[in-house]
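Structure file data.tsv with TSV, C-alpha atoms:
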chain	number	residue	atom	x	y	z
A	1	MET	CA	-31.06	3.02	-2.01
A	2	PHE	CA	-30.04	5.26	-4.90
A	3	ASP	CA	-27.77	7.37	-2.67
A	4	ALA	CA	-26.00	4.27	-1.40
A	5	SER	CA	-25.49	2.99	-4.95
A	6	ALA	CA	-24.20	6.36	-6.14
A	7	SER	CA	-21.81	6.54	-3.19
A	8	ALA	CA	-20.51	3.03	-3.89
A	9	ILE	CA	-19.96	3.88	-7.56
A	10	GLY	CA	-18.16	7.04	-6.49
A	11	TYR	CA	-15.69	5.08	-4.35
A	12	LEU	CA	-15.12	2.49	-7.06
A	13	TYR	CA	-14.60	5.33	-9.53
A	14	GLN	CA	-11.84	6.74	-7.32
A	15	LEU	CA	-10.09	3.38	-7.04
A	16	ARG	CA	-10.38	2.64	-10.73
A	17	TYR	CA	-9.17	6.10	-11.75
A	18	ALA	CA	-6.27	5.91	-9.29
A	19	LEU	CA	-5.13	2.69	-10.92
A	20	LEU	CA	-5.36	4.25	-14.38
A	21	ALA	CA	-3.44	7.32	-13.22
A	22	GLY	CA	-0.75	5.04	-11.82
A	23	LEU	CA	-0.48	2.97	-15.00
A	24	ASN	CA	-0.16	6.19	-16.98
A	25	GLU	CA	2.96	6.94	-14.96
A	26	PHE	CA	4.78	3.89	-16.36
A	27	GLY	CA	7.90	4.99	-18.15
A	28	ALA	CA	8.32	8.05	-15.91
A	29	ASP	CA	10.58	8.38	-12.89
A	30	ALA	CA	9.92	5.31	-10.74
A	31	SER	CA	9.94	7.35	-7.52
A	32	TRP	CA	6.26	8.31	-7.79
A	33	SER	CA	3.52	7.03	-5.48
A	34	VAL	CA	-0.26	7.03	-5.44
A	35	SER	CA	-2.73	7.54	-2.58
A	36	VAL	CA	-6.49	7.10	-2.47
A	37	GLU	CA	-8.76	8.78	0.08
A	38	VAL	CA	-5.85	10.07	2.16
A	39	VAL	CA	-6.02	13.82	1.61
A	40	ASP	CA	-7.77	14.07	-1.74
A	41	ASP	CA	-9.66	11.41	-3.63
A	42	VAL	CA	-6.50	10.57	-5.54
A	43	GLU	CA	-2.99	11.94	-5.24
A	44	ILE	CA	0.16	11.16	-7.19
A	45	VAL	CA	3.41	12.44	-5.76
A	46	ALA	CA	6.51	12.52	-7.96
A	47	ALA	CA	9.89	14.21	-7.87
A	48	SER	CA	8.62	16.92	-10.21
A	49	GLY	CA	5.66	17.75	-7.97
A	50	SER	CA	2.27	16.29	-7.19
A	51	ARG	CA	-1.20	16.07	-8.67
A	52	ARG	CA	-4.31	15.93	-6.55
A	53	TRP	CA	-7.69	14.92	-7.92
A	54	GLN	CA	-11.18	15.48	-6.67
A	55	LEU	CA	-13.41	13.08	-8.60
A	56	LYS	CA	-17.13	13.56	-9.08
A	57	HIS	CA	-19.07	10.78	-10.79
A	58	ARG	CA	-22.52	12.16	-11.49
A	59	ALA	CA	-25.60	11.13	-13.42
A	60	SER	CA	-25.93	12.10	-17.05
A	61	GLY	CA	-27.25	15.63	-17.48
A	62	THR	CA	-25.76	17.01	-14.23
A	63	ARG	CA	-24.16	20.46	-14.62
A	64	LEU	CA	-21.24	21.95	-12.68
A	65	THR	CA	-22.66	25.44	-12.09
A	66	ASP	CA	-21.17	28.31	-10.06
A	67	GLY	CA	-23.33	27.30	-7.12
A	68	SER	CA	-22.68	23.58	-7.43
A	69	THR	CA	-22.00	21.75	-4.17
A	70	ASP	CA	-19.33	19.69	-5.95
A	71	LEU	CA	-17.44	22.86	-6.86
A	72	TRP	CA	-17.64	24.42	-3.41
A	73	LYS	CA	-16.82	21.23	-1.49
A	74	THR	CA	-13.70	20.87	-3.63
A	75	LEU	CA	-12.70	24.48	-2.96
A	76	ARG	CA	-13.19	23.94	0.77
A	77	ILE	CA	-10.90	20.87	0.81
A	78	TRP	CA	-8.12	22.69	-1.02
A	79	SER	CA	-8.59	25.96	0.87
A	80	GLU	CA	-8.27	24.22	4.24
A	81	ALA	CA	-5.23	22.30	3.04
A	82	ILE	CA	-3.54	25.54	1.98
A	83	ARG	CA	-4.33	27.18	5.31
A	84	ASP	CA	-2.93	24.30	7.36
A	85	GLY	CA	0.19	24.09	5.19
A	86	SER	CA	-0.39	20.60	3.78
A	87	LEU	CA	-0.87	21.91	0.25
A	88	ASP	CA	1.53	24.09	-1.73
A	89	PRO	CA	-0.35	25.22	-4.85
A	90	ALA	CA	2.94	26.35	-6.42
A	91	ARG	CA	4.09	22.72	-6.59
A	92	THR	CA	0.78	20.92	-6.99
A	93	ARG	CA	-1.64	20.56	-9.85
A	94	LEU	CA	-5.21	20.54	-8.56
A	95	LEU	CA	-7.59	18.62	-10.80
A	96	LEU	CA	-11.35	18.58	-10.48
A	97	LEU	CA	-12.49	15.72	-12.70
A	98	THR	CA	-16.24	15.44	-13.11
A	99	THR	CA	-18.61	13.59	-15.38
A	100	SER	CA	-20.89	16.64	-15.18
A	101	ASP	CA	-21.31	19.10	-18.04
A	102	VAL	CA	-19.54	22.45	-17.74
A	103	PRO	CA	-21.80	25.40	-18.65
A	104	VAL	CA	-20.32	28.06	-20.93
A	105	GLU	CA	-19.03	31.18	-19.12
A	106	SER	CA	-19.14	29.49	-15.71
A	107	VAL	CA	-16.37	29.26	-13.09
A	108	ALA	CA	-15.60	25.72	-14.22
A	109	HIS	CA	-15.53	26.82	-17.87
A	110	TYR	CA	-12.87	29.44	-17.16
A	111	LEU	CA	-10.78	26.99	-15.13
A	112	GLN	CA	-10.52	24.45	-17.93
A	113	SER	CA	-7.30	24.20	-19.89
A	114	GLY	CA	-7.04	25.69	-23.35
A	115	PRO	CA	-7.35	29.14	-24.96
A	116	GLY	CA	-10.57	29.99	-23.08
A	117	ARG	CA	-8.94	29.66	-19.64
A	118	ASP	CA	-9.33	32.85	-17.60
A	119	VAL	CA	-8.46	32.56	-13.90
A	120	LYS	CA	-9.28	36.21	-13.21
A	121	ARG	CA	-12.80	35.85	-14.62
A	122	ALA	CA	-13.29	32.58	-12.71
A	123	ARG	CA	-12.42	34.39	-9.47
A	124	GLU	CA	-14.88	37.19	-10.20
A	125	LEU	CA	-17.66	34.67	-10.77
A	126	LEU	CA	-16.74	32.81	-7.56
A	127	GLU	CA	-16.88	35.97	-5.51
A	128	ALA	CA	-20.27	36.81	-7.00
A	129	ALA	CA	-21.59	33.29	-6.32
A	130	ALA	CA	-20.35	33.44	-2.73
A	131	ALA	CA	-22.01	36.82	-2.18
A	132	ARG	CA	-25.43	35.68	-3.34
A	133	SER	CA	-25.44	32.20	-1.78
A	134	ALA	CA	-27.90	31.68	1.05
A	135	SER	CA	-27.29	27.95	1.35
A	136	ASP	CA	-26.31	26.57	4.75
A	137	ALA	CA	-24.82	23.55	2.97
A	138	LYS	CA	-22.20	25.78	1.32
A	139	ARG	CA	-21.60	28.13	4.24
A	140	LYS	CA	-18.47	26.36	5.56
A	141	SER	CA	-17.08	26.00	2.05
A	142	ILE	CA	-17.50	29.70	1.38
A	143	GLU	CA	-15.94	30.56	4.74
A	144	ALA	CA	-12.95	28.33	3.98
A	145	TYR	CA	-12.48	30.01	0.61
A	146	ARG	CA	-12.84	33.52	2.05
A	147	GLY	CA	-10.43	32.62	4.83
A	148	LEU	CA	-7.56	32.53	2.34
A	149	LYS	CA	-5.46	35.60	1.70
A	150	ASP	CA	-5.73	37.20	-1.73
A	151	GLY	CA	-2.42	35.72	-2.85
A	152	GLN	CA	-3.44	32.27	-1.67
A	153	ARG	CA	-6.74	32.45	-3.56
A	154	GLU	CA	-4.94	33.45	-6.73
A	155	ALA	CA	-2.37	30.67	-6.32
A	156	MET	CA	-5.05	28.06	-5.67
A	157	LEU	CA	-7.19	29.04	-8.64
A	158	ALA	CA	-4.11	29.16	-10.87
A	159	ALA	CA	-3.31	25.58	-9.85
A	160	ILE	CA	-6.84	24.29	-10.51
A	161	THR	CA	-7.82	22.66	-13.77
A	162	VAL	CA	-11.42	21.52	-14.25
A	163	LEU	CA	-11.89	18.47	-16.43
A	164	GLY	CA	-15.57	18.53	-17.32
A	165	ASP	CA	-17.64	15.94	-19.13
A	166	GLY	CA	-15.01	13.47	-17.94
A	167	PRO	CA	-14.86	9.71	-18.39
A	168	THR	CA	-17.45	7.59	-16.60
A	169	ILE	CA	-16.53	4.55	-14.53
A	170	GLU	CA	-17.20	2.43	-17.64
A	171	ASP	CA	-14.95	4.68	-19.74
A	172	VAL	CA	-12.11	4.34	-17.23
A	173	TYR	CA	-12.53	0.56	-17.33
A	174	ARG	CA	-12.19	0.63	-21.11
A	175	ASP	CA	-9.04	2.74	-20.82
A	176	LEU	CA	-7.58	0.24	-18.35
A	177	LEU	CA	-8.55	-2.59	-20.66
A	178	GLN	CA	-6.67	-0.89	-23.47
A	179	VAL	CA	-3.49	-0.78	-21.37
A	180	CYS	CA	-3.86	-4.50	-20.65
A	181	HIS	CA	-4.61	-5.20	-24.30
A	182	PHE	CA	-1.26	-3.71	-25.28
A	183	ALA	CA	0.43	-5.81	-22.60
A	184	VAL	CA	-1.03	-9.29	-23.26
A	185	GLY	CA	-3.28	-9.10	-26.30
A	186	LYS	CA	-7.03	-8.76	-26.66
A	187	GLN	CA	-8.05	-12.26	-25.53
A	188	ALA	CA	-6.33	-12.13	-22.14
A	189	ALA	CA	-6.74	-8.39	-21.46
A	190	GLU	CA	-9.91	-8.64	-19.37
A	191	SER	CA	-8.54	-11.52	-17.31
A	192	LEU	CA	-5.37	-9.55	-16.58
A	193	LEU	CA	-7.32	-6.43	-15.66
A	194	ASN	CA	-9.69	-8.27	-13.30
A	195	ARG	CA	-6.71	-9.65	-11.37
A	196	LEU	CA	-4.84	-6.34	-11.37
A	197	GLU	CA	-7.88	-4.35	-10.28
A	198	GLY	CA	-8.69	-6.87	-7.55
A	199	TRP	CA	-5.16	-6.63	-6.19
A	200	PHE	CA	-5.16	-2.81	-6.32
A	201	ILE	CA	-8.50	-2.47	-4.54
A	202	GLN	CA	-7.33	-4.81	-1.78
A	203	ARG	CA	-4.07	-2.88	-1.54
A	204	CYS	CA	-5.94	0.41	-1.17
A	205	ILE	CA	-8.17	-1.08	1.52
A	206	GLU	CA	-5.06	-2.11	3.43
A	207	THR	CA	-3.66	1.42	3.32
A	208	MET	CA	-6.96	3.03	4.32
A	209	ARG	CA	-7.20	0.83	7.42
A	210	VAL	CA	-4.04	2.39	8.79
A	211	GLU	CA	-4.36	5.76	10.48
A	212	ALA	CA	-1.07	7.10	9.09
A	213	ALA	CA	-1.52	5.43	5.72
A	214	LEU	CA	1.49	5.32	3.44
A	215	PRO	CA	1.02	5.81	-0.31
A	216	ILE	CA	1.43	2.87	-2.66
A	217	PRO	CA	4.84	3.11	-4.36
A	218	GLY	CA	4.85	3.19	-8.13
A	219	SER	CA	7.50	0.49	-8.11
A	220	GLU	CA	5.06	-1.86	-6.35
A	221	ILE	CA	2.37	-1.29	-8.97
A	222	ASP	CA	4.95	-1.75	-11.71
A	223	GLU	CA	6.18	-5.02	-10.20
A	224	LYS	CA	2.66	-6.38	-9.74
A	225	PHE	CA	1.67	-5.47	-13.27
A	226	SER	CA	4.80	-7.16	-14.63
A	227	GLU	CA	4.20	-10.26	-12.51
A	228	LEU	CA	0.60	-10.60	-13.70
A	229	ARG	CA	1.51	-9.79	-17.31
A	230	ASP	CA	4.09	-12.59	-17.32
A	231	GLN	CA	1.42	-15.06	-16.21
A	232	PHE	CA	-0.43	-14.42	-19.47
A	233	ARG	CA	2.54	-15.02	-21.74
A	234	PRO	CA	2.23	-17.98	-24.17
A	235	TYR	CA	4.52	-20.07	-21.94
A	236	ASN	CA	2.52	-19.45	-18.75
A	237	LEU	CA	-0.95	-19.42	-17.16
A	238	PRO	CA	-2.13	-17.42	-14.12
A	239	ILE	CA	-2.30	-19.09	-10.73
A	240	ASP	CA	-4.88	-17.15	-8.74
A	241	GLU	CA	-4.20	-16.47	-5.09
A	242	ASP	CA	-7.78	-17.11	-3.99
A	243	ILE	CA	-7.61	-20.57	-5.57
A	244	ALA	CA	-4.08	-21.31	-4.34
A	245	GLU	CA	-5.31	-20.76	-0.77
A	246	MET	CA	-8.36	-23.05	-1.01
A	247	THR	CA	-8.73	-25.89	1.47
A	248	ALA	CA	-11.29	-28.67	1.89
A	249	THR	CA	-11.95	-31.75	3.98
A	250	ARG	CA	-12.59	-35.35	3.01
A	251	GLU	CA	-16.13	-35.09	4.33
A	252	GLU	CA	-16.95	-32.40	1.76
A	253	TYR	CA	-16.19	-34.84	-1.05
A	254	GLY	CA	-17.96	-37.88	0.34
A	255	GLU	CA	-17.03	-41.14	-1.35
A	256	ARG	CA	-15.56	-39.80	-4.57
A	257	ALA	CA	-13.63	-42.31	-6.65
A	258	PHE	CA	-10.25	-40.59	-6.19
A	259	ILE	CA	-10.68	-40.83	-2.41
A	260	ARG	CA	-11.72	-44.48	-2.55
A	261	GLN	CA	-8.62	-45.15	-4.64
A	262	LEU	CA	-6.48	-43.82	-1.79
A	263	ASP	CA	-8.43	-45.90	0.73
A	264	LEU	CA	-7.61	-49.03	-1.30
A	265	ILE	CA	-3.89	-48.56	-0.61
A	266	GLY	CA	-4.19	-47.37	3.01
A	267	ILE	CA	-3.22	-43.72	2.60
A	268	GLY	CA	-3.59	-41.83	5.89
A	269	ASN	CA	-6.23	-39.19	6.54
A	270	ARG	CA	-3.82	-36.26	6.47
A	271	ARG	CA	-2.50	-37.21	3.03
A	272	ILE	CA	-6.05	-37.74	1.81
A	273	GLU	CA	-6.96	-34.21	2.92
A	274	LEU	CA	-3.94	-32.90	1.00
A	275	ALA	CA	-5.18	-34.82	-2.03
A	276	VAL	CA	-8.65	-33.29	-1.64
A	277	ARG	CA	-7.05	-29.83	-1.42
A	278	ASP	CA	-5.03	-30.39	-4.62
A	279	TYR	CA	-8.09	-31.80	-6.41
A	280	LEU	CA	-10.17	-28.77	-5.44
A	281	ARG	CA	-7.51	-26.25	-6.43
A	282	ALA	CA	-6.67	-27.90	-9.75
A	283	SER	CA	-10.29	-28.40	-10.82
A	284	THR	CA	-11.21	-24.81	-9.83
A	285	GLN	CA	-8.19	-23.24	-11.53
A	286	ARG	CA	-8.67	-25.29	-14.69
A	287	SER	CA	-12.35	-24.29	-14.79
A	288	ARG	CA	-11.43	-20.62	-14.47
A	289	TRP	CA	-8.86	-20.88	-17.25
A	290	SER	CA	-11.47	-22.49	-19.45
A	291	ARG	CA	-14.18	-19.97	-18.55
A	292	GLU	CA	-11.84	-17.08	-19.37
A	293	ASN	CA	-10.73	-18.65	-22.67
A	294	LEU	CA	-7.09	-18.74	-21.59
A	295	LEU	CA	-6.50	-22.31	-22.77
A	296	LEU	CA	-5.61	-23.43	-26.27
A	297	PRO	CA	-8.07	-25.79	-28.00
A	298	GLY	CA	-7.51	-29.28	-26.64
A	299	GLU	CA	-4.81	-28.14	-24.19
A	300	ILE	CA	-6.31	-29.85	-21.14
A	301	GLY	CA	-6.81	-33.07	-23.09
A	302	THR	CA	-3.22	-33.01	-24.28
A	303	TYR	CA	-1.95	-32.35	-20.76
A	304	GLU	CA	-3.99	-35.20	-19.29
A	305	ARG	CA	-2.75	-37.55	-22.01
A	306	ARG	CA	0.86	-36.73	-21.09
A	307	LEU	CA	0.14	-37.37	-17.41
A	308	ARG	CA	-1.62	-40.62	-18.14
A	309	GLU	CA	1.20	-41.86	-20.39
A	310	GLU	CA	3.73	-41.19	-17.63
A	311	TRP	CA	1.50	-43.10	-15.22
A	312	GLU	CA	1.05	-45.98	-17.69
A	313	THR	CA	4.78	-46.61	-17.80
A	314	HIS	CA	5.14	-46.73	-14.02
A	315	PHE	CA	2.00	-48.81	-13.64
A	316	ALA	CA	3.16	-51.33	-16.26
A	317	VAL	CA	6.55	-51.66	-14.57
A	318	MET	CA	4.80	-52.28	-11.26
A	319	GLN	CA	2.60	-54.98	-12.78
A	320	ASP	CA	5.62	-56.75	-14.29
A	321	GLU	CA	7.52	-56.67	-11.03
A	322	LEU	CA	4.57	-57.96	-9.03
A	323	GLY	CA	3.63	-60.81	-11.31
A	324	GLU	CA	0.32	-62.66	-10.98
A	325	GLU	CA	0.82	-64.25	-7.57
A	326	ALA	CA	1.75	-61.19	-5.48
A	327	ALA	CA	0.25	-60.94	-2.01
A	328	GLU	CA	-2.12	-58.08	-1.19
A	329	GLU	CA	0.42	-56.54	1.18
A	330	THR	CA	3.02	-56.50	-1.60
A	331	LYS	CA	0.53	-54.95	-4.06
A	332	ILE	CA	-0.32	-52.17	-1.62
A	333	ALA	CA	3.35	-51.41	-0.97
A	334	ALA	CA	4.02	-51.15	-4.71
A	335	ALA	CA	0.92	-48.93	-5.24
A	336	ARG	CA	2.03	-46.61	-2.45
A	337	ARG	CA	5.37	-46.14	-4.22
A	338	ILE	CA	3.61	-45.02	-7.40
A	339	TYR	CA	1.37	-42.68	-5.44
A	340	GLY	CA	4.39	-41.32	-3.55
A	341	TRP	CA	6.05	-40.63	-6.89
A	342	VAL	CA	3.03	-38.48	-7.90
A	343	GLU	CA	2.95	-36.73	-4.51
A	344	THR	CA	6.61	-35.79	-4.20
A	345	GLU	CA	8.62	-36.45	-7.36
A	346	PHE	CA	6.88	-36.18	-10.69
A	347	ARG	CA	6.09	-32.71	-12.03
A	348	ARG	CA	4.76	-32.13	-15.53
A	349	ASN	CA	3.83	-28.48	-16.13
A	350	ILE	CA	0.84	-27.68	-18.29
A	351	ARG	CA	3.00	-24.87	-19.70
A	352	PRO	CA	6.74	-24.36	-19.11
A	353	GLU	CA	6.42	-21.54	-16.56
A	354	CYS	CA	3.16	-22.63	-14.92
A	355	HIS	CA	4.75	-24.76	-12.27
A	356	ASP	CA	2.57	-24.73	-9.17
A	357	PRO	CA	2.57	-28.37	-7.93
A	358	PHE	CA	-1.17	-28.51	-7.25
A	359	ILE	CA	-1.94	-28.39	-10.98
A	360	CYS	CA	-0.04	-31.61	-11.66
A	361	LYS	CA	-1.03	-33.42	-8.46
A	362	GLY	CA	-4.64	-32.29	-8.62
A	363	SER	CA	-4.91	-33.27	-12.29
A	364	PHE	CA	-3.82	-36.79	-11.38
A	365	HIS	CA	-6.63	-36.90	-8.83
A	366	ILE	CA	-9.07	-35.68	-11.49
A	367	LEU	CA	-7.92	-38.57	-13.69
A	368	ALA	CA	-8.21	-40.95	-10.72
A	369	ASP	CA	-11.73	-39.71	-10.07
A	370	ASP	CA	-12.60	-40.60	-13.68
A	371	GLN	CA	-10.82	-43.95	-13.13
A	372	ARG	CA	-8.43	-43.24	-16.00
A	373	VAL	CA	-5.48	-43.76	-13.66
A	374	GLY	CA	-5.18	-45.71	-10.43
A	375	TRP	CA	-2.74	-46.82	-7.79
A	376	HIS	CA	-3.72	-50.34	-6.73
A	377	PRO	CA	-2.81	-52.95	-9.37
A	378	ASP	CA	-6.44	-54.12	-9.36
A	379	PHE	CA	-8.03	-50.68	-8.98
A	380	GLU	CA	-10.53	-51.12	-11.83
A	381	VAL	CA	-12.04	-54.33	-10.43
A	382	ARG	CA	-11.95	-53.09	-6.82
A	383	LEU	CA	-13.65	-49.78	-7.71
A	384	LEU	CA	-16.29	-51.56	-9.74
A	385	ALA	CA	-17.24	-53.58	-6.68
A	386	ILE	CA	-17.26	-50.54	-4.41
A	387	LEU	CA	-18.86	-47.90	-6.64
A	388	GLU	CA	-21.29	-49.88	-8.80
A	389	PRO	CA	-24.01	-50.16	-6.11
A	390	VAL	CA	-23.84	-46.41	-5.55
A	391	GLY	CA	-24.09	-45.80	-9.27
A	392	GLY	CA	-27.05	-48.15	-9.47
A	393	VAL	CA	-28.93	-46.28	-6.76
A	394	ASN	CA	-28.23	-42.93	-8.41
A	395	ALA	CA	-29.30	-44.25	-11.78
A	396	GLY	CA	-32.68	-45.32	-10.45
A	397	ALA	CA	-33.32	-42.18	-8.43
Represent the structure contained in this file as structure tokens.
Amino acid sequence: MFDASASAIGYLYQLRYALLAGLNEFGADASWSVSVEVVDDVEIVAASGSRRWQLKHRASGTRLTDGSTDLWKTLRIWSEAIRDGSLDPARTRLLLLTTSDVPVESVAHYLQSGPGRDVKRARELLEAAAARSASDAKRKSIEAYRGLKDGQREAMLAAITVLGDGPTIEDVYRDLLQVCHFAVGKQAAESLLNRLEGWFIQRCIETMRVEAALPIPGSEIDEKFSELRDQFRPYNLPIDEDIAEMTATREEYGERAFIRQLDLIGIGNRRIELAVRDYLRASTQRSRWSRENLLLPGEIGTYERRLREEWETHFAVMQDELGEEAAEETKIAAARRIYGWVETEFRRNIRPECHDPFICKGSFHILADDQRVGWHPDFEVRLLAILEPVGGVNAGA
């Protein structure tokens, strides 16, 4: 169980770090791209060269010693890539990022950046570790390393930088959150990041399903980030794709008041199912906005008041035109016109740039479900007769 959990965290760590590495490229040449689990754990290719990461997320207290499997597996991957010609260490930075501690005077210690870096000493220690290793688990890694020519070994080690005691998966999340904080402010940062990370993970899954997977262009990440960021501006609210694709049937909502209102004026089943869909989407999206604290105090109430006032005007005009002696058929025809106006004409955005129609249409159905708006001229009396017995049963249950 622990191994499976550690493996899952390792994969999520790669995806999360790849996203951070990509966001850190913003402002650079837009021609860069990022890959996950294609050759290395993470690779960024740019006009100036490429960087390839091997990422090792390990438990606290783990040490990256000269005999560490993490070290030798990484060397095997890069050694084999150099031998088959897919890696040019002269044009590629090789980065071993690990949450493990780096012991003083170890191979990893001498391959860190800074004044203590000593590639020659690191090679001496590697050769000594390879000579004394009796582990079958490292045999292929050692053979791959020894299979390089002297010049290739030197070039590879010169290209390697070990980043020890690196950020954990939680640390990387906080770094990503900081980027989003700068983009949309503290309150909306987590909501932005959750949507961005969800999109990026799905995008990586799509690329990994393809045998000859293409990297994700930096321009695509930039465009998605900008699109999501704009949804959190003061004049907008995010419309989430999972909600915008929701569907439902009449049967799932039983005899809800907003459905009975449509029955009163003879709306067909297909249009009722569209109404159910809009009700579901609007109520779910509004709940998510509220849960994530993306709404201003009283914003939903103000929005519903504006919708209801628009409805009141149309409803009052209808009542005047019908008079007191109108036939039922005439009443239904007039009610259908008001409902058609809501379905196809009237659009009041909750914020200027949040203009998906289901918010407005679904919010009307929420109001209709609460019986604060209606379509039939006598909807209040009719609903009382229809729904009161049901309410009475529920009340006594």
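Proximity to stretch 37-53 of chain A at 7 Å, evaluated using only C-alpha atoms and with sequence-adjacent residues fewer than 6 positions away removed, yields Gln14, Ala18, Ser31, Arg91, Thr92, Arg93, Leu94, Leu95, Leu96 and Leu97 of chain A.
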Straight-line distance linking atom CA of A:Pro217 with atom CA of A:Tyr173, stated in Å to one decimal:
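Atom CA of A:Pro217 sits 21.8 Å away from atom CA of A:Tyr173.
Across the model, the gap from atom CA of A:Arg288 to atom CA of A:Arg351 is 15.9 Å.
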Closest of A:Ser363, A:Asn24, A:Ser7, A:Ser35 to A:Ile201 - atom-to-atom distances counting all atoms listed in the file
A:Ser35
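Excluding A:Ile216 and any residue on its chain fewer than 5 positions from it, the residues at most 10 Å away by only C-alpha atoms are Gly22, Trp32, Ser33, Val34, Ser35, Val36, Ile44, Phe200, Arg203, Cys204, Thr207 and Ile221 of chain A.
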Near-A:Trp199 list (10 Å; only C-alpha atoms; drop same-chain fewer than 3 positions) as a PyMOL selection string:
chain A and resi 193-196+202-205+221+224-225+241
Could you pull the residues within 9 Å of A:Val342, counting all atoms listed in the file, minus those fewer than 2 positions along the same chain, as number ranges by chain?
A: 311, 337-340, 344-347, 360-361, 364
Closest of A:Glu304, A:Phe358, A:Asn293, A:Glu105 to A:Lys186 - atom-to-atom distances counting all atoms listed in the file
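Of A:Glu304, A:Phe358, A:Asn293, A:Glu105, the one nearest A:Lys186, counting all atoms listed in the file, is A:Asn293.
Here atom CA of A:Leu274 and atom CA of A:Arg250 stand 9.2 Å from one another.
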